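Notes for the one structure printed next.
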Amino acid sequence: MKVIENQIFDMERALYGSENVLVQNCSFDGPADGESAFKEGRDIEAVHCFFNLRYPFWHDHELTIKDSEMTELCRAALWYSDHVKIMDTKLHGIKALRECSDVVVKNCDIISSEFGWFTRGIRMEDTTAVSEYFMMRSEDLVFCGVEFKGKYSFQYIKNAAFENCVFDTKDAFWHGENITVKDSVVKGEYLAWYSDGLTLIRCKIIGTQPLCYCKNLKLIDCEMVDTDLAFEKSEVDAVITTKVVSIKNPLSGRICVPEVGEVIMDDEHAKGEVMIGGLKEVKAIGTIPPKKTA
């Protein structure tokens, strides 16, 4: 393996097409303002490097990045690459990961709008992320110990598993398919509308109007906090361990809950059962207007 150490690169395509190379303690920055430093490379390892220029890793294969920093000027850092490992690294440029496959992200700090679009096969562990439209239209995700804050996360994703995560996010999981969330906290408005095949196990769900217009929705021993107008038009099988503020027009299935502030059943097509403390609630006990319409 060729070793490159303690150098500064600022030219266009500075290490274009590199193969079997270890780059250590190098900086990609400078007045030439060059782009695409490692484009179309293979078997690349970057350790303790500083990236302040655009598009450094496009069309790369077998790529490892460790203990490095990508600044907010390092836009669109990794696109169209596969078999990627990123560890102990800051990814702070917009659109940092897109249309990549077989990616591991571990112990990283992500501040990147539109991160992860169209990615296939990503495992993320012990990482913090701040983003908008995070992981949109990605498939085959496995997240463990991830803390996320932002808006419009995980929209249109398919085949995902999340465990021991904390998500503070609006409109998460919209139109998502085949998703399992375990032992996690999900806080935000309008959770998982239009999803199909979402299962939440021992989760804490916080926020208004969650889980509406869902198909094949399942909740197992979940807490719900400040959740009003929940389950509207959803096909749902739920066991909830805490009081729910209000439940509105579940389309089908059964919701078991120890206590509920209001059950609103004012749609003739809503046939879902609400079991309160083991008893079936057969009629509406309140009506309140929705806060959001689709």
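Naming scheme: A, B, ... for chains in displayed order of the structure tokens; residues 1 onward per chain; ligands 1 onward as shown.
The residues of region 70-114 of chain A that DSSP assigns to strand (DSSP E or B) on this backbone come out as Met70, Leu78, Trp79, Asp82, His83, Val84, Lys85, Ile86, Met87, Lys90, Leu91, Leu97, Arg98, Ser101, Asp102, Val103, Val104, Val105, Lys106, Asp109, Ile110 and Ile111 of chain A.
Near region 246-256 of chain A, within 7 Å and counting only C-alpha atoms, sit Thr227, Asp228, Leu229, Ala230, Phe231, Glu232, Lys233, Ser234, Glu235, Val236, Asp237, Ala238, Val239, Ile240, Gly261, Glu262, Val263, Ile264, Met265, Asp266, Asp267, His269, Ala270, Lys271, Gly272, Glu273, Val274, Met275 and Ile276 of chain A, not including residues fewer than 5 positions from it in the same chain.
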*Name all residues at most 6 Å from Thr119 (chain A) (count only C-alpha atoms; drop same-chain ones fewer than 4 positions away) and give them as number ranges by chain.*
A: 98-101, 138
Contacts of Trp58 (chain A) at 8 Å (only C-alpha atoms; same-chain gap of 5+ positions) as a compact mmCIF listing (two decimals) with N, CA, C and O atoms, in the first residue's frame:
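Dumped to selection_19.txt:
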# COMPACT_ATOMS: atom_id res chain seq x y z
N SER A 36 -13.12 17.14 -6.13
CA SER A 36 -13.06 15.72 -6.50
C SER A 36 -11.68 15.10 -6.27
O SER A 36 -11.12 14.44 -7.14
N PHE A 38 -10.49 12.47 -4.64
CA PHE A 38 -10.27 11.02 -4.76
C PHE A 38 -11.22 10.37 -5.76
O PHE A 38 -11.50 9.18 -5.65
N LYS A 39 -11.71 11.08 -6.71
CA LYS A 39 -12.73 10.54 -7.60
C LYS A 39 -12.24 9.28 -8.32
O LYS A 39 -11.10 9.19 -8.76
N GLU A 40 -13.14 8.27 -8.38
CA GLU A 40 -12.90 7.03 -9.10
C GLU A 40 -11.65 6.29 -8.60
O GLU A 40 -10.84 5.79 -9.38
N ALA A 77 -19.90 15.04 -0.03
CA ALA A 77 -18.59 14.41 0.15
C ALA A 77 -18.50 13.00 -0.42
O ALA A 77 -17.48 12.63 -1.01
N LEU A 78 -19.54 12.20 -0.24
CA LEU A 78 -19.49 10.81 -0.71
C LEU A 78 -20.73 10.51 -1.56
O LEU A 78 -21.85 10.47 -1.05
N TRP A 79 -20.52 10.31 -2.85
CA TRP A 79 -21.62 9.96 -3.76
C TRP A 79 -21.19 8.78 -4.62
O TRP A 79 -20.02 8.66 -5.01
N TYR A 80 -22.12 7.91 -4.91
CA TYR A 80 -21.93 6.80 -5.86
C TYR A 80 -20.77 5.88 -5.46
O TYR A 80 -20.10 5.31 -6.31
N SER A 81 -20.54 5.73 -4.16
CA SER A 81 -19.44 4.89 -3.68
C SER A 81 -20.00 3.66 -2.95
O SER A 81 -21.15 3.66 -2.51
*asked:* Report, in Å with one decimal, the straight-line distance from CA of Glu114 (chain A) to CA of Val130 (chain A).
replied: 10.0 Å
*asked:* With distances taken over only C-alpha atoms, which residue among A:Ile205, A:Val146, A:Ile44, A:Leu219 lies nearest Thr180 (chain A)?
replied: A:Leu219
Tell me which protein, DNA and RNA residues are within 9 Å of Ala46 (chain A), counting only C-alpha atoms, leaving out same-chain ones fewer than 5 positions away, and put them as a short mmCIF file (atom, residue, chain, number, x, y, z; two decimals) with all heavy atoms, in the first residue's frame.
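Result file part.cif:
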data_model
loop_
_atom_site.label_atom_id
_atom_site.label_comp_id
_atom_site.auth_asym_id
_atom_site.auth_seq_id
_atom_site.Cartn_x
_atom_site.Cartn_y
_atom_site.Cartn_z
N VAL A 21 -4.07 2.95 -1.45
CA VAL A 21 -3.32 4.07 -0.89
C VAL A 21 -3.81 4.40 0.52
O VAL A 21 -5.01 4.36 0.81
CB VAL A 21 -3.43 5.32 -1.81
CG1 VAL A 21 -4.87 5.76 -1.96
CG2 VAL A 21 -2.57 6.46 -1.29
N LEU A 22 -2.87 4.71 1.41
CA LEU A 22 -3.15 5.20 2.76
C LEU A 22 -2.72 6.66 2.82
O LEU A 22 -1.56 6.99 2.57
CB LEU A 22 -2.38 4.38 3.80
CG LEU A 22 -2.36 4.92 5.23
CD1 LEU A 22 -3.75 4.99 5.81
CD2 LEU A 22 -1.45 4.07 6.11
N VAL A 23 -3.68 7.52 3.17
CA VAL A 23 -3.42 8.96 3.26
C VAL A 23 -3.58 9.36 4.73
O VAL A 23 -4.66 9.21 5.31
CB VAL A 23 -4.40 9.75 2.37
CG1 VAL A 23 -4.10 11.23 2.45
CG2 VAL A 23 -4.32 9.25 0.93
N GLN A 24 -2.50 9.86 5.33
CA GLN A 24 -2.50 10.20 6.75
C GLN A 24 -2.11 11.65 6.98
O GLN A 24 -1.19 12.18 6.32
CB GLN A 24 -1.49 9.32 7.51
CG GLN A 24 -1.82 7.85 7.53
CD GLN A 24 -0.88 7.06 8.40
OE1 GLN A 24 -1.28 6.39 9.33
NE2 GLN A 24 0.42 7.13 8.10
N ASN A 25 -2.81 12.29 7.92
CA ASN A 25 -2.45 13.64 8.36
C ASN A 25 -2.33 14.61 7.18
O ASN A 25 -1.43 15.45 7.14
CB ASN A 25 -1.14 13.61 9.15
CG ASN A 25 -1.23 12.71 10.37
OD1 ASN A 25 -2.16 12.81 11.16
ND2 ASN A 25 -0.27 11.81 10.50
N CYS A 26 -3.25 14.48 6.24
CA CYS A 26 -3.23 15.36 5.08
C CYS A 26 -4.41 16.33 5.11
O CYS A 26 -5.45 16.04 5.71
CB CYS A 26 -3.26 14.54 3.79
SG CYS A 26 -1.71 13.66 3.47
N LEU A 63 -13.59 1.96 0.59
CA LEU A 63 -13.12 3.24 1.14
C LEU A 63 -13.27 3.23 2.66
O LEU A 63 -14.32 2.87 3.19
CB LEU A 63 -13.94 4.38 0.54
CG LEU A 63 -13.81 5.77 1.17
CD1 LEU A 63 -12.40 6.32 0.99
CD2 LEU A 63 -14.84 6.71 0.55
N THR A 64 -12.21 3.64 3.38
CA THR A 64 -12.25 3.78 4.83
C THR A 64 -11.81 5.19 5.21
O THR A 64 -10.77 5.67 4.74
CB THR A 64 -11.34 2.75 5.52
OG1 THR A 64 -11.78 1.43 5.18
CG2 THR A 64 -11.37 2.91 7.02
N ILE A 65 -12.61 5.83 6.06
CA ILE A 65 -12.28 7.17 6.55
C ILE A 65 -12.32 7.12 8.07
O ILE A 65 -13.33 6.72 8.67
CB ILE A 65 -13.29 8.21 6.04
CG1 ILE A 65 -13.33 8.22 4.50
CG2 ILE A 65 -12.96 9.61 6.57
CD1 ILE A 65 -14.49 9.00 3.91
N LYS A 66 -11.21 7.51 8.73
CA LYS A 66 -11.11 7.45 10.18
C LYS A 66 -10.61 8.78 10.75
O LYS A 66 -9.74 9.44 10.18
CB LYS A 66 -10.11 6.36 10.62
CG LYS A 66 -10.49 4.94 10.25
CD LYS A 66 -9.40 3.97 10.73
CE LYS A 66 -9.68 2.53 10.37
NZ LYS A 66 -8.58 1.63 10.81
N ASP A 67 -11.19 9.14 11.88
CA ASP A 67 -10.65 10.24 12.69
C ASP A 67 -10.37 11.47 11.83
O ASP A 67 -9.29 12.07 11.89
CB ASP A 67 -9.38 9.78 13.40
CG ASP A 67 -8.91 10.77 14.47
OD1 ASP A 67 -9.76 11.53 14.98
OD2 ASP A 67 -7.71 10.80 14.76
N SER A 68 -11.35 11.84 11.01
CA SER A 68 -11.15 12.94 10.06
C SER A 68 -12.27 13.98 10.21
O SER A 68 -13.23 13.77 10.96
CB SER A 68 -11.11 12.40 8.63
OG SER A 68 -9.97 11.58 8.44
#
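Excluding region 102-110 of chain A and any residue on its chain fewer than 4 positions from it, the residues at most 7 Å away by only C-alpha atoms are Asp82, His83, Val84, Lys85, Ile86, Met87, Asp88, Thr89, Lys90, Leu91, His92, Arg120, Gly121, Ile122, Arg123, Met124, Glu125, Asp126, Thr127, Thr128, Ala129 and Val130 of chain A.
Summary of the local environment: counting only C-alpha atoms, residues at most 7 Å from Ala192 (chain A), other than itself and those fewer than 3 positions away along its chain, are Asp171, Ala172, Phe173, Trp174, Ser195, Pro210 and Leu211 of chain A.
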Using C-alpha atoms, can you write the selected residues to a file as an mmCIF file, in the first residue's frame?
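Saved to result_39.cif:
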data_model
loop_
_atom_site.group_PDB
_atom_site.id
_atom_site.type_symbol
_atom_site.label_atom_id
_atom_site.label_comp_id
_atom_site.auth_asym_id
_atom_site.auth_seq_id
_atom_site.Cartn_x
_atom_site.Cartn_y
_atom_site.Cartn_z
ATOM 1 C CA ASP A 171 -42.781 13.855 10.017
ATOM 2 C CA ALA A 172 -40.559 10.805 10.542
ATOM 3 C CA PHE A 173 -41.119 7.609 8.540
ATOM 4 C CA TRP A 174 -43.696 9.056 6.122
ATOM 5 C CA SER A 195 -46.415 4.072 6.401
ATOM 6 C CA PRO A 210 -49.040 10.262 15.398
ATOM 7 C CA LEU A 211 -49.561 7.177 13.283
#
*Quick one: of A:Arg42, A:His175, A:Lys182, A:Arg75, who's nearest to Ala161 (chain A), counting only C-alpha atoms?*
A:Lys182
